[in-house]
Amino acid sequence: MKAIFKEYALFVSIISLILFTMYEHSLVESMTGNIVGFLALFTVIIYASLAVAHHAEMLAEKFGEPYGTLILTMSAVTVEVLIIAIMMLQSHNPTLARDTIYSAIMLDINGLLGVAAIIGGIKFGEQPYNVDSSNSYLSMLLVAIGVSMILPNFIEDKSQLSLFMNFVAIIFIILYLVFSRIQLIKHKYFFEYQSDNTHHNHEIHNNSNINALYHTILLVIYIVIIGFLAELLSVFMTNNLQELNMPLALGAVGVAIISASPELIVAIRAALDNRMQTVINIALGASLATILLTIPSVIIISKLAGLEINLAITPLQELLLGLTLLVSIVNFNDGETNMLEGFLHFILFVVFAFVLFL
């Protein structure tokens with residue numbers, strides 16, 4: 001019970017949920033109310049995401065890699081699917097899921113990994129990791145992105161495209177199950193890196209003192225609360241974008257930022273602690289989970305709700321994704337990251353953010 005009373009983010013989130021549920025209709029009537037509501041809810045969700053990151057890190061220390069980062073990425077994908085589903089049902093935007101998935105990949109690989117590599121490079125110079133992990137992730141990403149987001153551009157018949165997307169949903173679930181077995185059982189050592197990082201080892205908690213059930217329950221509770229808060233946030237976000245005449249794609253970026261915020265926090269901490277393997281597992285693993293799990297989820301949701309969905313990326317998105325994967329293949333083939341590699345990915349993220357307004 002003492003630990004529960006220290007969960008300040010939990011109480012703030014619950015109180016915010018109650019207050020905004022009560023006063024949502026009053027706030028949406030004015031521009032000022034929409035802006036205040038959006039900023040307040042966005043701040044609360046990020047605060048709750050910090051707690052998600054904390055509990056995921058505790059579970060990571062309890063179970064070790066790659067289980068820890070798998071828990072974190074699954075948490076992020078769950079939040080992402082919840083928010084996308086809510087916004088799809090409210091806005092009926094057929095490209096929302098596509099733009100969110102695209103934004104999440106650009107944010108994870110170029111933003112998260114780029115910033116972490118820059119920070120780690122400044123502090124340590126070069127940071128080692130297991131090259132087998134990056135090769136495995138990137139090969140899977142190439143196949144998954146090509147099949148689900150590029151190939152649909154070449155299928156013109158709508159009935160055939162609908163059938164193909166059903167097929168994609170099935171094979172992606174199978175593909176993720178196979179990859180998870182490889183990651184956790186058959187080739188677990190691909191996603192681990194043994195180092196003599198005494199600083200990190202010295203700080204690790206005693207695993208026997210970590211209550212896995214407590215942290216798992218709190219993790220689930222936070223994810224559920226974030227889902228409800230995101231439903232309220234989507235109302236204010238949509239109103240603000242329409243009133244300010246801003247690109248609707250910014251809403252997808254907002255979803256990606258919310259879902260990726262716990263991962264960003266953990267990745268920066270790992271980079272500062274010279275644990276680049278954790279960063280690689282988070283950034284590339286989250287991108288892969290976003291493709292293999294979010295796409296089947298949104299396909300199923302669209303079928304059940306009778307909504308139109310378009311996952312085929314635009315030529316501009318295709319170019320930036322292609323550049324991202326190409327630079328990743330070149331950079332992540334030697335088992336070490338440095339500041340230059342991080343800077344290149346960060347530049348791609350800046351370009352991604354800039355072209356949103358074109």
# chains A, B, ... in the order shown; residues from 1 in each chain; ligands from 1
$ residues_around --residues "region 90-98 of chain A" --least-positions-apart "2" --cutoff "8 Å" --atoms "only C-alpha atoms" --output "PyMOL selection string"
chain A and resi 84+86-88+100-102+149+249+252+295+298+307-313
$ write_last_selection --atoms "N, CA and C atoms" --output "JSON list (two decimals), in the first residue's frame"
[["chain", "number", "residue", "atom", "x", "y", "z"],
["A", 84, "ILE", "N", -5.52, 4.86, -31.85],
["A", 84, "ILE", "CA", -5.91, 4.81, -33.26],
["A", 84, "ILE", "C", -7.35, 4.36, -33.41],
["A", 86, "ILE", "N", -9.81, 4.60, -31.27],
["A", 86, "ILE", "CA", -10.71, 5.65, -30.80],
["A", 86, "ILE", "C", -10.84, 6.76, -31.85],
["A", 87, "MET", "N", -9.71, 7.19, -32.40],
["A", 87, "MET", "CA", -9.73, 8.28, -33.37],
["A", 87, "MET", "C", -10.34, 7.84, -34.70],
["A", 88, "MET", "N", -10.14, 6.58, -35.08],
["A", 88, "MET", "CA", -10.76, 6.06, -36.30],
["A", 88, "MET", "C", -12.28, 6.10, -36.19],
["A", 100, "THR", "N", -0.21, 7.24, -38.82],
["A", 100, "THR", "CA", 0.27, 7.00, -37.46],
["A", 100, "THR", "C", 1.39, 5.96, -37.46],
["A", 101, "ILE", "N", 1.20, 4.88, -38.21],
["A", 101, "ILE", "CA", 2.22, 3.82, -38.29],
["A", 101, "ILE", "C", 3.49, 4.37, -38.92],
["A", 102, "TYR", "N", 3.33, 5.12, -40.00],
["A", 102, "TYR", "CA", 4.48, 5.77, -40.66],
["A", 102, "TYR", "C", 5.20, 6.71, -39.70],
["A", 149, "MET", "N", 2.50, -1.79, -46.91],
["A", 149, "MET", "CA", 2.34, -0.36, -47.16],
["A", 149, "MET", "C", 2.78, 0.09, -48.55],
["A", 249, "ALA", "N", -2.43, 15.22, -40.60],
["A", 249, "ALA", "CA", -1.38, 14.26, -40.32],
["A", 249, "ALA", "C", -0.69, 14.54, -38.98],
["A", 252, "ALA", "N", -1.81, 12.25, -36.32],
["A", 252, "ALA", "CA", -1.14, 10.94, -36.34],
["A", 252, "ALA", "C", 0.20, 11.03, -35.64],
["A", 295, "ILE", "N", -1.06, -3.10, -37.62],
["A", 295, "ILE", "CA", -1.75, -3.25, -38.90],
["A", 295, "ILE", "C", -2.86, -4.31, -38.84],
["A", 298, "VAL", "N", -5.80, -2.74, -36.76],
["A", 298, "VAL", "CA", -6.63, -1.71, -37.41],
["A", 298, "VAL", "C", -7.43, -2.31, -38.57],
["A", 307, "LEU", "N", -15.52, 0.56, -41.48],
["A", 307, "LEU", "CA", -14.80, 1.77, -41.86],
["A", 307, "LEU", "C", -13.86, 1.51, -43.02],
["A", 308, "GLU", "N", -13.66, 2.53, -43.84],
["A", 308, "GLU", "CA", -12.70, 2.43, -44.93],
["A", 308, "GLU", "C", -11.30, 2.67, -44.37],
["A", 309, "ILE", "N", -10.32, 1.91, -44.87],
["A", 309, "ILE", "CA", -8.95, 2.06, -44.40],
["A", 309, "ILE", "C", -7.99, 2.02, -45.59],
["A", 310, "ASN", "N", -7.01, 2.90, -45.56],
["A", 310, "ASN", "CA", -6.01, 2.98, -46.63],
["A", 310, "ASN", "C", -4.62, 2.95, -46.00],
["A", 311, "LEU", "N", -3.90, 1.84, -46.21],
["A", 311, "LEU", "CA", -2.56, 1.68, -45.63],
["A", 311, "LEU", "C", -1.44, 1.93, -46.64],
["A", 312, "ALA", "N", -1.79, 2.19, -47.89],
["A", 312, "ALA", "CA", -0.78, 2.42, -48.92],
["A", 312, "ALA", "C", -0.14, 3.80, -48.73],
["A", 313, "ILE", "N", 1.17, 3.83, -48.56],
["A", 313, "ILE", "CA", 1.86, 5.10, -48.30],
["A", 313, "ILE", "C", 2.00, 5.92, -49.58]]
$ residues_around --residues "Leu323 (chain A)" --least-positions-apart "2" --cutoff "12 Å" --atoms "only C-alpha atoms" --output "PyMOL selection string"
chain A and resi 106+109-110+142+316-321+325-331+344-345+347-349+351-352
$ closest_atom_pairs --of "region 95-212 of chain A" --to "region 259-271 of chain A" --cutoff "6 Å" --atoms "only C-alpha atoms" --output "CSV"
residue,atom,partner,partner_atom,distance
A:Leu112,CA,A:Leu264,CA,5.7
A:Ala116,CA,A:Ile268,CA,5.3
A:Gly120,CA,A:Ala271,CA,4.9
$ write_last_selection --atoms "N, CA and C atoms" --output "PDB file, in the first residue's frame"
ATOM      1  N   LEU A 112      13.999   8.595 -31.938  1.00  0.00           N
ATOM      2  CA  LEU A 112      14.451   7.925 -30.717  1.00  0.00           C
ATOM      3  C   LEU A 112      15.884   7.400 -30.843  1.00  0.00           C
ATOM      4  N   ALA A 116      19.282   9.024 -29.100  1.00  0.00           N
ATOM      5  CA  ALA A 116      20.021   8.154 -28.178  1.00  0.00           C
ATOM      6  C   ALA A 116      21.459   7.948 -28.647  1.00  0.00           C
ATOM      7  N   GLY A 120      24.630   9.117 -26.544  1.00  0.00           N
ATOM      8  CA  GLY A 120      25.601   8.090 -26.190  1.00  0.00           C
ATOM      9  C   GLY A 120      26.946   8.324 -26.844  1.00  0.00           C
TER      10      GLY A 120
END
$ residues_around --residues "Ala286 (chain A)" --least-positions-apart "5" --cutoff "12 Å" --atoms "only C-alpha atoms" --output "VMD selection string"
chain A and resid 69 to 78 80 101 104 to 109 112 to 113 137 to 138 141 256 259 to 264 267 278 to 281 291 to 294
$ write_last_selection --atoms "C-alpha atoms" --output "CSV table (one decimal), in the first residue's frame"
chain,number,residue,atom,x,y,z
A,69,THR,CA,12.1,-4.3,-24.1
A,70,LEU,CA,9.5,-6.7,-25.4
A,71,ILE,CA,7.2,-5.7,-22.5
A,72,LEU,CA,7.9,-2.0,-23.1
A,73,THR,CA,7.2,-2.2,-26.9
A,74,MET,CA,4.1,-4.3,-26.3
A,75,SER,CA,2.9,-1.6,-23.9
A,76,ALA,CA,3.5,1.1,-26.4
A,77,VAL,CA,1.8,-0.8,-29.2
A,78,THR,CA,-1.3,-1.4,-27.0
A,80,GLU,CA,-1.1,3.1,-30.0
A,101,ILE,CA,2.2,3.8,-38.3
A,104,ALA,CA,5.8,5.9,-35.3
A,105,ILE,CA,8.5,4.2,-37.5
A,106,MET,CA,10.1,7.6,-38.3
A,107,LEU,CA,9.9,8.6,-34.7
A,108,ASP,CA,11.4,5.3,-33.4
A,109,ILE,CA,14.2,4.8,-35.9
A,112,LEU,CA,14.5,7.9,-30.7
A,113,LEU,CA,17.4,6.0,-32.0
A,137,TYR,CA,15.0,-6.4,-37.2
A,138,LEU,CA,15.8,-4.6,-40.4
A,141,LEU,CA,11.0,-4.4,-41.4
A,256,ALA,CA,2.9,8.3,-32.3
A,259,SER,CA,2.7,5.9,-27.6
A,260,ALA,CA,6.5,6.2,-28.0
A,261,SER,CA,7.1,8.5,-25.0
A,262,PRO,CA,7.9,5.7,-22.5
A,263,GLU,CA,10.3,4.1,-25.0
A,264,LEU,CA,12.1,7.4,-25.6
A,267,ALA,CA,16.1,4.6,-24.5
A,278,THR,CA,18.6,-1.9,-25.2
A,279,VAL,CA,18.2,1.1,-27.5
A,280,ILE,CA,18.4,-1.1,-30.6
A,281,ASN,CA,15.9,-3.5,-29.2
A,291,ILE,CA,3.9,-3.0,-38.3
A,292,LEU,CA,3.2,-6.6,-37.4
A,293,LEU,CA,0.6,-5.9,-34.6
A,294,THR,CA,-0.9,-2.5,-35.3
$ closest_residue --among "A:Gln160, A:Gly114, A:Leu41, A:Gln183" --to "Phe228 (chain A)" --atoms "only C-alpha atoms"
A:Leu41
$ residues_around --residues "Asn166 (chain A)" --least-positions-apart "4" --cutoff "8 Å" --atoms "only C-alpha atoms" --output "VMD selection string"
chain A and resid 162 170 299
$ residues_around --residues "Gly37 (chain A)" --least-positions-apart "4" --cutoff "10 Å" --atoms "only C-alpha atoms" --output "PDB file with C-alpha atoms, in the first residue's frame"
ATOM      1  CA  PHE A  20     -12.313  16.331 -18.199  1.00  0.00           C
ATOM      2  CA  TYR A  23     -16.280  19.492 -18.336  1.00  0.00           C
ATOM      3  CA  GLU A  24     -15.409  18.252 -21.851  1.00  0.00           C
ATOM      4  CA  LEU A  27     -14.361  23.260 -23.044  1.00  0.00           C
ATOM      5  CA  VAL A  28     -14.935  22.239 -26.678  1.00  0.00           C
ATOM      6  CA  MET A  31     -10.981  27.817 -29.052  1.00  0.00           C
ATOM      7  CA  THR A  32      -9.301  28.592 -25.749  1.00  0.00           C
ATOM      8  CA  GLY A  33     -11.002  25.620 -24.112  1.00  0.00           C
ATOM      9  CA  LEU A  41      -4.437  16.160 -21.351  1.00  0.00           C
ATOM     10  CA  PHE A  42      -1.259  15.799 -23.403  1.00  0.00           C
ATOM     11  CA  THR A  43       0.804  16.696 -20.313  1.00  0.00           C
ATOM     12  CA  LEU A 232     -10.767  12.824 -24.658  1.00  0.00           C
ATOM     13  CA  LEU A 233      -7.536  14.131 -26.160  1.00  0.00           C
ATOM     14  CA  VAL A 235     -11.652  15.402 -29.450  1.00  0.00           C
ATOM     15  CA  PHE A 236      -9.564  18.459 -28.536  1.00  0.00           C
ATOM     16  CA  MET A 237      -6.847  17.517 -31.048  1.00  0.00           C
TER      17      MET A 237
END
$ atom_distance --atom1 "CA of Gly251 (chain A)" --atom2 "CA of Phe357 (chain A)"
12.6 Å
$ atom_distance --atom1 "CA of Tyr193 (chain A)" --atom2 "CA of Phe124 (chain A)"
16.5 Å
$ residues_around --residues "Met58 (chain A)" --least-positions-apart "5" --cutoff "8 Å" --atoms "only C-alpha atoms" --output "PyMOL selection string"
chain A and resi 210+212+215
$ residues_around --residues "Ile171 (chain A)" --least-positions-apart "2" --cutoff "12 Å" --atoms "only C-alpha atoms" --output "list of chain:residue names"
A:Val143, A:Ala144, A:Val147, A:Ser148, A:Phe164, A:Met165, A:Asn166, A:Phe167, A:Val168, A:Ala169, A:Ile173, A:Ile174, A:Leu175, A:Tyr176, A:Leu177, A:Val178, A:Phe179, A:Ile291, A:Leu292, A:Leu293, A:Ile295, A:Pro296
$ atom_distance --atom1 "CA of Gly342 (chain A)" --atom2 "CA of Leu59 (chain A)"
27.7 Å
$ closest_residue --among "A:Thr324, A:Ser134, A:Asn209, A:Asn239" --to "Asn34 (chain A)" --atoms "only C-alpha atoms"
A:Asn239
$ closest_residue --among "A:Val131, A:Ala48, A:Tyr67, A:Ile14" --to "Ile185 (chain A)" --atoms "only C-alpha atoms"
A:Tyr67
$ select_by_dssp --residues "region 142-266 of chain A" --states "helix (DSSP H, G or I)" --output "number ranges by chain"
A: 142-154, 158-186, 188-191, 198-203, 207-209, 212-243, 249-266
$ closest_residue --among "A:Ile300, A:Leu250, A:Leu50, A:Met339" --to "Val355 (chain A)" --atoms "only C-alpha atoms"
A:Leu250
$ closest_residue --among "A:Gly125, A:Leu288, A:Tyr214, A:Arg181" --to "Ala3 (chain A)" --atoms "only C-alpha atoms"
A:Tyr214
$ closest_residue --among "A:Leu39, A:Phe11, A:Leu89, A:Ile122" --to "Ile301 (chain A)" --atoms "only C-alpha atoms"
A:Leu89
